[in-house]
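Peer 1: Dropping the structure in here first, questions after.
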Amino acid sequence: MALSAGLGMNAQTNELVIQTKKLGAEIQPTMYGLFFEDINYGADGGLYAELVKNRSFEFPQNLMGWKTFGHVTLKDDGPFERNPHYVRLAYPGHDHKRTGLENEGFFGIGVKAGEEYRFSVWARLPEGASSEKIRIEMVKPNTNAERHAFASEELTIDSKEWKKYQVILKPTQTEDKSTLRIFLASKGTIDLEHVSLFPVDTWKGHENGLRKDLAQALYDIKPGVFRFPGGCIVEGTDLNTRYDWKKTVGPVENRPLNENRWHYTFQHRFFPDYYQSYGMGFYEFFLLSEEIGSEPLPVLSCGLACQFQNSDPHAHVAVCDLDSYIQDALDLIEFANGAVTTKWGKVRADMGHPAPFNLKFIGIGNEQWGSEYPERLEPFMKAIRKAHPEIKIIGSSGPDSEGKQFEYLWPEMKRLKADLVDEHFYRPESWFLSQGARYDNYDRKGPKVFAGEYACHGKGKKWNHFNASLLEAAFMTGLERNADIVHMATYAPLFAHVEGWQWRPDMIWFDNLKSVRSVSYYVQQLYAHNKGTNVVPLTMNNKPVTGAEGQKGLFASAVWDKDSQSYIVKVVNTSDEAQPLSLTFAGMKKKEVLSKGVCIKLQSTDPDKDNTLDNPQAIVPVQTEVSAMGNAFDTQIEPKTFAVYKFVKTTK
């Protein structure tokens, strides 16, 4: 009777067996990382901390984002070759009239009371003048306040040659939608170019810097790789608007404007004032990669414009005309790694970074398909392999996670001997539930996998919600279990402005002053913080735990971390019922014990809920201490829960 009762209890318990003697594949430092694209106002108006829209008056409608009053004229013979436009402010002819201009920023200009903001401008005087003045204000118009201005400073312009001036503004109140106002404060004439406003307190204090809270969120993930600058913007709607890295380096005042393909991609989310200032360019991307501790992964155009938007073959670069594009790739490697005596290494050094950025990876092409792609990728690979055999090259399997193009491109990537293949999958819950074993049977002799863009899109719920994030966590157990073939994975997209998004769900949302980390963010963070150094086999009833039939909606993986001497087990219960668990660490020596156990859980009783700007801590990981008995740990995992169990191995 006792034996029968014991068997009944064991039948109900899900025993996960972790084979401690069988240390598996090494987990790459790049395993969990970040993908950045300037979509959803992710750069200008987002991570890039510039608060002035159209600061160089180079939008096709030159004064878009600006209002002018008094005597303001637009000129086009300015000091910067690639940004020739500027404005001339002249005395309006009467002491009681005013000349000046206002900038609306990105959905307003967000500033905080007591913080400092650096206003800068390139300016000059006409011949014959000795000095003139402008007054710079932060204002909140259309209010009942006694004064519109809550920050004000004067600036004296004293040179007939173009010169950079700056002054610090200190707002006395916090406003999320203020306006920058500039008055001509004397009776002469002044030319103004590249009007800029940055918080002084940027990420790492850089003057041409990044928004601190958003960069901090990236750092806090501890990403292993940082892919940039996209995404579809790499390709451009046409070749003229592809992302050109060479235009994004050097003095920021002379980086030309680029059209952002996302401003018109979706008619229902149309933003005609969405352009790329290139202020956050490749130097800033490389520097950010270094400062958040990740490997930089730039992706360059292969000469194909966006194939979703261009069916005409003449819209693309012919294979015989790819030389300049290939040279761009070689020059980028020189920019990142070259000695200061090289042409592009000197550009990097002159920007403030004499030491190389130690680039190891490069992507060629984003999401291309058909024979057009491998026939263009091949000459890139030959040239890069010849000049830089140390660089790993990443190709693409197209825009789909399976199907005709996917099945065509993988063999092509093997033929070309790509180092990694970039797979993309924005798919519904059913797909993520069915893909726990996706990589179990991949060819181990071919290229490695870069899961470069993925997110769970709920059916009828294409927005951030807990259940989608939970299923991403479930899917990621399969990435981890197959770390011998999967070397990189990055959720996408990364950022979204709550008023300026084109695509959702997204990992981090923000407005002009606040930001919130979604549940998907915390899933990524939990994996990145607990990635370990080696895979450890984990089975239930001698099978991997992949959510397969009979496994009660459970997904699981396990790793060993040699640095902390810990076993880390990740379990996801996607079902609506609590599940009893028994973690058995098989193969441990008699003197070895498990101690200092912790359990970190991410869970919600509402599958449609997520963190918001008003409630950023609605669903966050909760850590508790737990204790193992010998080489086993018995517990229960609640419905709809992602749990991370971590035990330090010690000796008696």
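Convention: chains lettered A, B, ... in structure tokens order; per-chain residue numbering from 1; ligands numbered from 1 as shown.
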Residues within 6 Å of region 445-459 of chain A, please, as a list in words. Count only C-alpha atoms; anything in the same chain fewer than 5 positions from it doesn't count.
Peer 2: Lys414, Ala418, Asp419, Leu420, Val421, Asp422, Glu423, His424, Phe425, Tyr426, Arg427, Pro428, Glu429, Ala468, Ile485, Val486, His487, Met488, Ala489, Thr490, Tyr491 and Ala492 of chain A
Peer 1: Determine which residues of region 429-535 of chain A receive a DSSP assignment of alpha helix (DSSP H), computed from the backbone, and state them as a ChimeraX atom specification.
Peer 2: /A:429-434,466-481,519-529
Peer 1: Go ahead and dump the residues you just picked, C-alpha atoms, as a CSV table (one decimal), in the first residue's frame.
Peer 2:
chain,number,residue,atom,x,y,z
A,429,GLU,CA,1.2,32.7,-29.2
A,430,SER,CA,0.5,29.4,-31.0
A,431,TRP,CA,3.8,29.6,-32.8
A,432,PHE,CA,5.8,30.2,-29.6
A,433,LEU,CA,4.0,27.4,-27.8
A,434,SER,CA,5.0,25.0,-30.6
A,466,PHE,CA,2.1,39.4,-19.8
A,467,ASN,CA,1.1,36.3,-21.6
A,468,ALA,CA,3.1,37.2,-24.7
A,469,SER,CA,6.2,37.8,-22.5
A,470,LEU,CA,5.6,34.5,-20.7
A,471,LEU,CA,5.6,32.6,-24.0
A,472,GLU,CA,8.8,34.4,-25.0
A,473,ALA,CA,10.4,33.0,-21.8
A,474,ALA,CA,9.1,29.6,-22.7
A,475,PHE,CA,10.6,29.8,-26.2
A,476,MET,CA,13.9,31.0,-24.9
A,477,THR,CA,14.4,27.7,-22.9
A,478,GLY,CA,15.0,26.2,-26.4
A,479,LEU,CA,17.5,28.8,-27.3
A,480,GLU,CA,19.4,28.1,-24.1
A,481,ARG,CA,19.2,24.3,-24.4
A,519,VAL,CA,7.5,42.4,-18.8
A,520,SER,CA,9.4,41.3,-22.0
A,521,TYR,CA,12.3,43.4,-20.7
A,522,TYR,CA,12.4,41.5,-17.5
A,523,VAL,CA,12.3,38.2,-19.3
A,524,GLN,CA,15.3,39.2,-21.3
A,525,GLN,CA,17.1,40.5,-18.2
A,526,LEU,CA,16.5,37.3,-16.2
A,527,TYR,CA,18.0,35.3,-19.0
A,528,ALA,CA,20.9,37.6,-19.5
A,529,HIS,CA,21.7,37.8,-15.8
Peer 1: What's the separation between CA of Tyr283 (chain A) and CA of Val200 (chain A), in Å to one decimal place?
Peer 2: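 Taking CA of Tyr283 (chain A) and CA of Val200 (chain A), their separation equals 19.8 Å.
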Peer 1: Pick from A:Thr30, A:Gln276, A:Gly78, A:Gly105: nearest to Leu297 (chain A), with only C-alpha atoms counted?
Peer 2: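 So, comparing all the options, the nearest one is A:Thr30.
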Peer 1: Given the choices A:Ile18, A:Lys164, A:Phe228, A:Gly42, which gets closest to Val569 (chain A) if the distance is worked out from only C-alpha atoms?
Peer 2: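 Selected residue with least distance to Val569 (chain A): A:Ile18.
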Peer 1: Please list as a PDB file with N, CA and C atoms, in the first residue's frame every residue within 8 Å of region 552-566 of chain A, counting only C-alpha atoms and excluding residues in the same chain fewer than 2 positions away.
Peer 2:
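Here's the written file result.pdb:
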ATOM      1  N   ILE A  18      18.409  17.018 -13.681  1.00  0.00           N
ATOM      2  CA  ILE A  18      19.530  17.804 -14.190  1.00  0.00           C
ATOM      3  C   ILE A  18      20.784  16.957 -14.057  1.00  0.00           C
ATOM      4  N   LEU A  23      28.518  18.152 -18.438  1.00  0.00           N
ATOM      5  CA  LEU A  23      28.624  19.566 -18.785  1.00  0.00           C
ATOM      6  C   LEU A  23      28.505  19.715 -20.295  1.00  0.00           C
ATOM      7  N   GLY A 436       9.245  25.088 -28.847  1.00  0.00           N
ATOM      8  CA  GLY A 436      10.191  24.813 -27.765  1.00  0.00           C
ATOM      9  C   GLY A 436      11.357  23.950 -28.195  1.00  0.00           C
ATOM     10  N   ALA A 474       9.209  30.984 -22.425  1.00  0.00           N
ATOM     11  CA  ALA A 474       9.135  29.554 -22.733  1.00  0.00           C
ATOM     12  C   ALA A 474       9.977  29.213 -23.956  1.00  0.00           C
ATOM     13  N   PHE A 475       9.820  29.993 -24.998  1.00  0.00           N
ATOM     14  CA  PHE A 475      10.588  29.781 -26.227  1.00  0.00           C
ATOM     15  C   PHE A 475      12.096  29.860 -25.965  1.00  0.00           C
ATOM     16  N   THR A 477      13.823  28.926 -23.486  1.00  0.00           N
ATOM     17  CA  THR A 477      14.442  27.719 -22.937  1.00  0.00           C
ATOM     18  C   THR A 477      15.049  26.884 -24.059  1.00  0.00           C
ATOM     19  N   GLY A 478      14.419  26.916 -25.237  1.00  0.00           N
ATOM     20  CA  GLY A 478      14.951  26.193 -26.388  1.00  0.00           C
ATOM     21  C   GLY A 478      16.202  26.834 -26.947  1.00  0.00           C
ATOM     22  N   GLU A 480      18.368  28.409 -25.084  1.00  0.00           N
ATOM     23  CA  GLU A 480      19.401  28.096 -24.100  1.00  0.00           C
ATOM     24  C   GLU A 480      19.845  26.640 -24.198  1.00  0.00           C
ATOM     25  N   ARG A 481      18.893  25.726 -24.344  1.00  0.00           N
ATOM     26  CA  ARG A 481      19.242  24.310 -24.426  1.00  0.00           C
ATOM     27  C   ARG A 481      20.118  24.023 -25.646  1.00  0.00           C
ATOM     28  N   LYS A 531      22.575  33.550 -17.506  1.00  0.00           N
ATOM     29  CA  LYS A 531      22.839  32.736 -18.689  1.00  0.00           C
ATOM     30  C   LYS A 531      23.810  31.600 -18.422  1.00  0.00           C
ATOM     31  N   GLY A 532      24.632  31.720 -17.376  1.00  0.00           N
ATOM     32  CA  GLY A 532      25.577  30.665 -17.085  1.00  0.00           C
ATOM     33  C   GLY A 532      26.700  30.587 -18.095  1.00  0.00           C
ATOM     34  N   THR A 533      27.521  29.568 -17.948  1.00  0.00           N
ATOM     35  CA  THR A 533      28.654  29.385 -18.855  1.00  0.00           C
ATOM     36  C   THR A 533      28.549  28.118 -19.692  1.00  0.00           C
ATOM     37  N   ASN A 534      27.743  27.145 -19.230  1.00  0.00           N
ATOM     38  CA  ASN A 534      27.589  25.876 -19.966  1.00  0.00           C
ATOM     39  C   ASN A 534      26.175  25.348 -19.815  1.00  0.00           C
ATOM     40  N   VAL A 535      25.675  24.751 -20.868  1.00  0.00           N
ATOM     41  CA  VAL A 535      24.394  24.057 -20.809  1.00  0.00           C
ATOM     42  C   VAL A 535      24.554  22.783 -19.973  1.00  0.00           C
ATOM     43  N   VAL A 536      23.516  22.446 -19.223  1.00  0.00           N
ATOM     44  CA  VAL A 536      23.460  21.180 -18.496  1.00  0.00           C
ATOM     45  C   VAL A 536      22.204  20.455 -18.950  1.00  0.00           C
ATOM     46  N   PRO A 537      22.298  19.151 -19.299  1.00  0.00           N
ATOM     47  CA  PRO A 537      21.107  18.426 -19.749  1.00  0.00           C
ATOM     48  C   PRO A 537      20.016  18.408 -18.683  1.00  0.00           C
ATOM     49  N   LEU A 538      18.783  18.674 -19.108  1.00  0.00           N
ATOM     50  CA  LEU A 538      17.612  18.624 -18.232  1.00  0.00           C
ATOM     51  C   LEU A 538      16.521  17.861 -18.962  1.00  0.00           C
ATOM     52  N   PRO A 544      13.600  16.176 -23.278  1.00  0.00           N
ATOM     53  CA  PRO A 544      13.702  17.624 -23.023  1.00  0.00           C
ATOM     54  C   PRO A 544      12.324  18.205 -22.743  1.00  0.00           C
ATOM     55  N   VAL A 545      12.282  19.230 -21.917  1.00  0.00           N
ATOM     56  CA  VAL A 545      11.005  19.822 -21.509  1.00  0.00           C
ATOM     57  C   VAL A 545      10.700  20.984 -22.437  1.00  0.00           C
ATOM     58  N   THR A 546       9.906  20.713 -23.465  1.00  0.00           N
ATOM     59  CA  THR A 546       9.701  21.658 -24.566  1.00  0.00           C
ATOM     60  C   THR A 546       8.249  22.067 -24.750  1.00  0.00           C
ATOM     61  N   GLY A 547       7.398  21.761 -23.760  1.00  0.00           N
ATOM     62  CA  GLY A 547       5.981  22.056 -23.922  1.00  0.00           C
ATOM     63  C   GLY A 547       5.271  21.059 -24.812  1.00  0.00           C
ATOM     64  N   ALA A 548       5.921  19.934 -25.085  1.00  0.00           N
ATOM     65  CA  ALA A 548       5.346  18.932 -25.967  1.00  0.00           C
ATOM     66  C   ALA A 548       4.122  18.289 -25.306  1.00  0.00           C
ATOM     67  N   GLU A 549       3.390  17.527 -26.096  1.00  0.00           N
ATOM     68  CA  GLU A 549       2.191  16.863 -25.592  1.00  0.00           C
ATOM     69  C   GLU A 549       2.542  15.987 -24.392  1.00  0.00           C
ATOM     70  N   GLY A 550       1.742  16.091 -23.367  1.00  0.00           N
ATOM     71  CA  GLY A 550       1.980  15.312 -22.158  1.00  0.00           C
ATOM     72  C   GLY A 550       2.880  16.000 -21.143  1.00  0.00           C
ATOM     73  N   ILE A 568      21.660  26.755 -12.473  1.00  0.00           N
ATOM     74  CA  ILE A 568      20.520  27.653 -12.678  1.00  0.00           C
ATOM     75  C   ILE A 568      19.507  26.927 -13.547  1.00  0.00           C
ATOM     76  N   VAL A 569      18.308  26.785 -13.026  1.00  0.00           N
ATOM     77  CA  VAL A 569      17.239  26.085 -13.743  1.00  0.00           C
ATOM     78  C   VAL A 569      16.120  27.077 -14.027  1.00  0.00           C
ATOM     79  N   LYS A 570      15.711  27.154 -15.284  1.00  0.00           N
ATOM     80  CA  LYS A 570      14.614  28.032 -15.688  1.00  0.00           C
ATOM     81  C   LYS A 570      13.408  27.172 -16.053  1.00  0.00           C
ATOM     82  N   VAL A 571      12.279  27.469 -15.450  1.00  0.00           N
ATOM     83  CA  VAL A 571      11.052  26.714 -15.702  1.00  0.00           C
ATOM     84  C   VAL A 571       9.926  27.692 -16.013  1.00  0.00           C
ATOM     85  N   VAL A 572       9.173  27.395 -17.059  1.00  0.00           N
ATOM     86  CA  VAL A 572       8.028  28.218 -17.439  1.00  0.00           C
ATOM     87  C   VAL A 572       6.785  27.341 -17.433  1.00  0.00           C
ATOM     88  N   ASN A 573       5.814  27.732 -16.639  1.00  0.00           N
ATOM     89  CA  ASN A 573       4.521  27.052 -16.617  1.00  0.00           C
ATOM     90  C   ASN A 573       3.528  27.899 -17.414  1.00  0.00           C
ATOM     91  N   THR A 574       3.228  27.466 -18.622  1.00  0.00           N
ATOM     92  CA  THR A 574       2.310  28.214 -19.489  1.00  0.00           C
ATOM     93  C   THR A 574       0.859  27.807 -19.280  1.00  0.00           C
ATOM     94  N   SER A 575       0.627  26.820 -18.404  1.00  0.00           N
ATOM     95  CA  SER A 575      -0.729  26.310 -18.190  1.00  0.00           C
ATOM     96  C   SER A 575      -1.492  27.171 -17.186  1.00  0.00           C
ATOM     97  N   LYS A 646      18.135  29.000  -8.554  1.00  0.00           N
ATOM     98  CA  LYS A 646      19.591  29.077  -8.586  1.00  0.00           C
ATOM     99  C   LYS A 646      20.153  28.534  -7.274  1.00  0.00           C
ATOM    100  N   PHE A 647      21.050  27.546  -7.391  1.00  0.00           N
ATOM    101  CA  PHE A 647      21.658  26.927  -6.219  1.00  0.00           C
ATOM    102  C   PHE A 647      23.180  26.922  -6.361  1.00  0.00           C
ATOM    103  N   VAL A 648      23.851  27.365  -5.324  1.00  0.00           N
ATOM    104  CA  VAL A 648      25.310  27.326  -5.288  1.00  0.00           C
ATOM    105  C   VAL A 648      25.751  25.931  -4.869  1.00  0.00           C
ATOM    106  N   LYS A 649      26.730  25.380  -5.560  1.00  0.00           N
ATOM    107  CA  LYS A 649      27.274  24.071  -5.204  1.00  0.00           C
ATOM    108  C   LYS A 649      28.469  24.252  -4.273  1.00  0.00           C
ATOM    109  N   THR A 650      28.424  23.607  -3.142  1.00  0.00           N
ATOM    110  CA  THR A 650      29.542  23.651  -2.190  1.00  0.00           C
ATOM    111  C   THR A 650      29.876  22.225  -1.764  1.00  0.00           C
TER     112      THR A 650
END
Peer 1: Which residue, A:Lys140, A:Lys75, A:Lys170, A:Arg227, has the smallest gap to Leu34 (chain A) when you use only C-alpha atoms?
Peer 2: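 Under the stated criterion, the closest residue is A:Arg227.
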Peer 1: If we count only C-alpha atoms and set the cut-off at 7 Å, which residues sit around Gln405 (chain A), ignoring sequence neighbours fewer than 4 positions away in its own chain? Please answer as a ChimeraX atom specification.
Peer 2: /A:369-370,398,409
Peer 1: Just the number, please: distance in Å from CA of Tyr48 (chain A) to CA of Leu210 (chain A), one decimal.
Peer 2: 4.6 Å
Peer 1: How close does region 38-140 of chain A get to region 245-253 of chain A? List, as CSV, each residue of region 38-140 of chain A within 12 Å, its nearest atom pair and the distance in Å to one decimal, counting only C-alpha atoms.
Peer 2:
residue,atom,partner,partner_atom,distance
A:Glu50,CA,A:Val252,CA,11.6
A:Asn54,CA,A:Glu253,CA,12.0
A:Arg55,CA,A:Glu253,CA,9.5
A:Ser56,CA,A:Glu253,CA,8.0
A:Phe57,CA,A:Glu253,CA,11.6
A:Glu58,CA,A:Glu253,CA,11.5
A:Gly78,CA,A:Glu253,CA,11.0
A:Pro79,CA,A:Glu253,CA,9.4
A:Phe80,CA,A:Glu253,CA,6.9
A:Glu81,CA,A:Glu253,CA,9.6
A:Arg82,CA,A:Glu253,CA,8.7
A:Asn83,CA,A:Glu253,CA,7.4
A:Pro84,CA,A:Glu253,CA,10.2
A:His85,CA,A:Glu253,CA,11.4
A:Tyr86,CA,A:Glu253,CA,11.8
A:Ser120,CA,A:Glu253,CA,11.3
A:Val121,CA,A:Glu253,CA,10.1
A:Trp122,CA,A:Glu253,CA,9.1
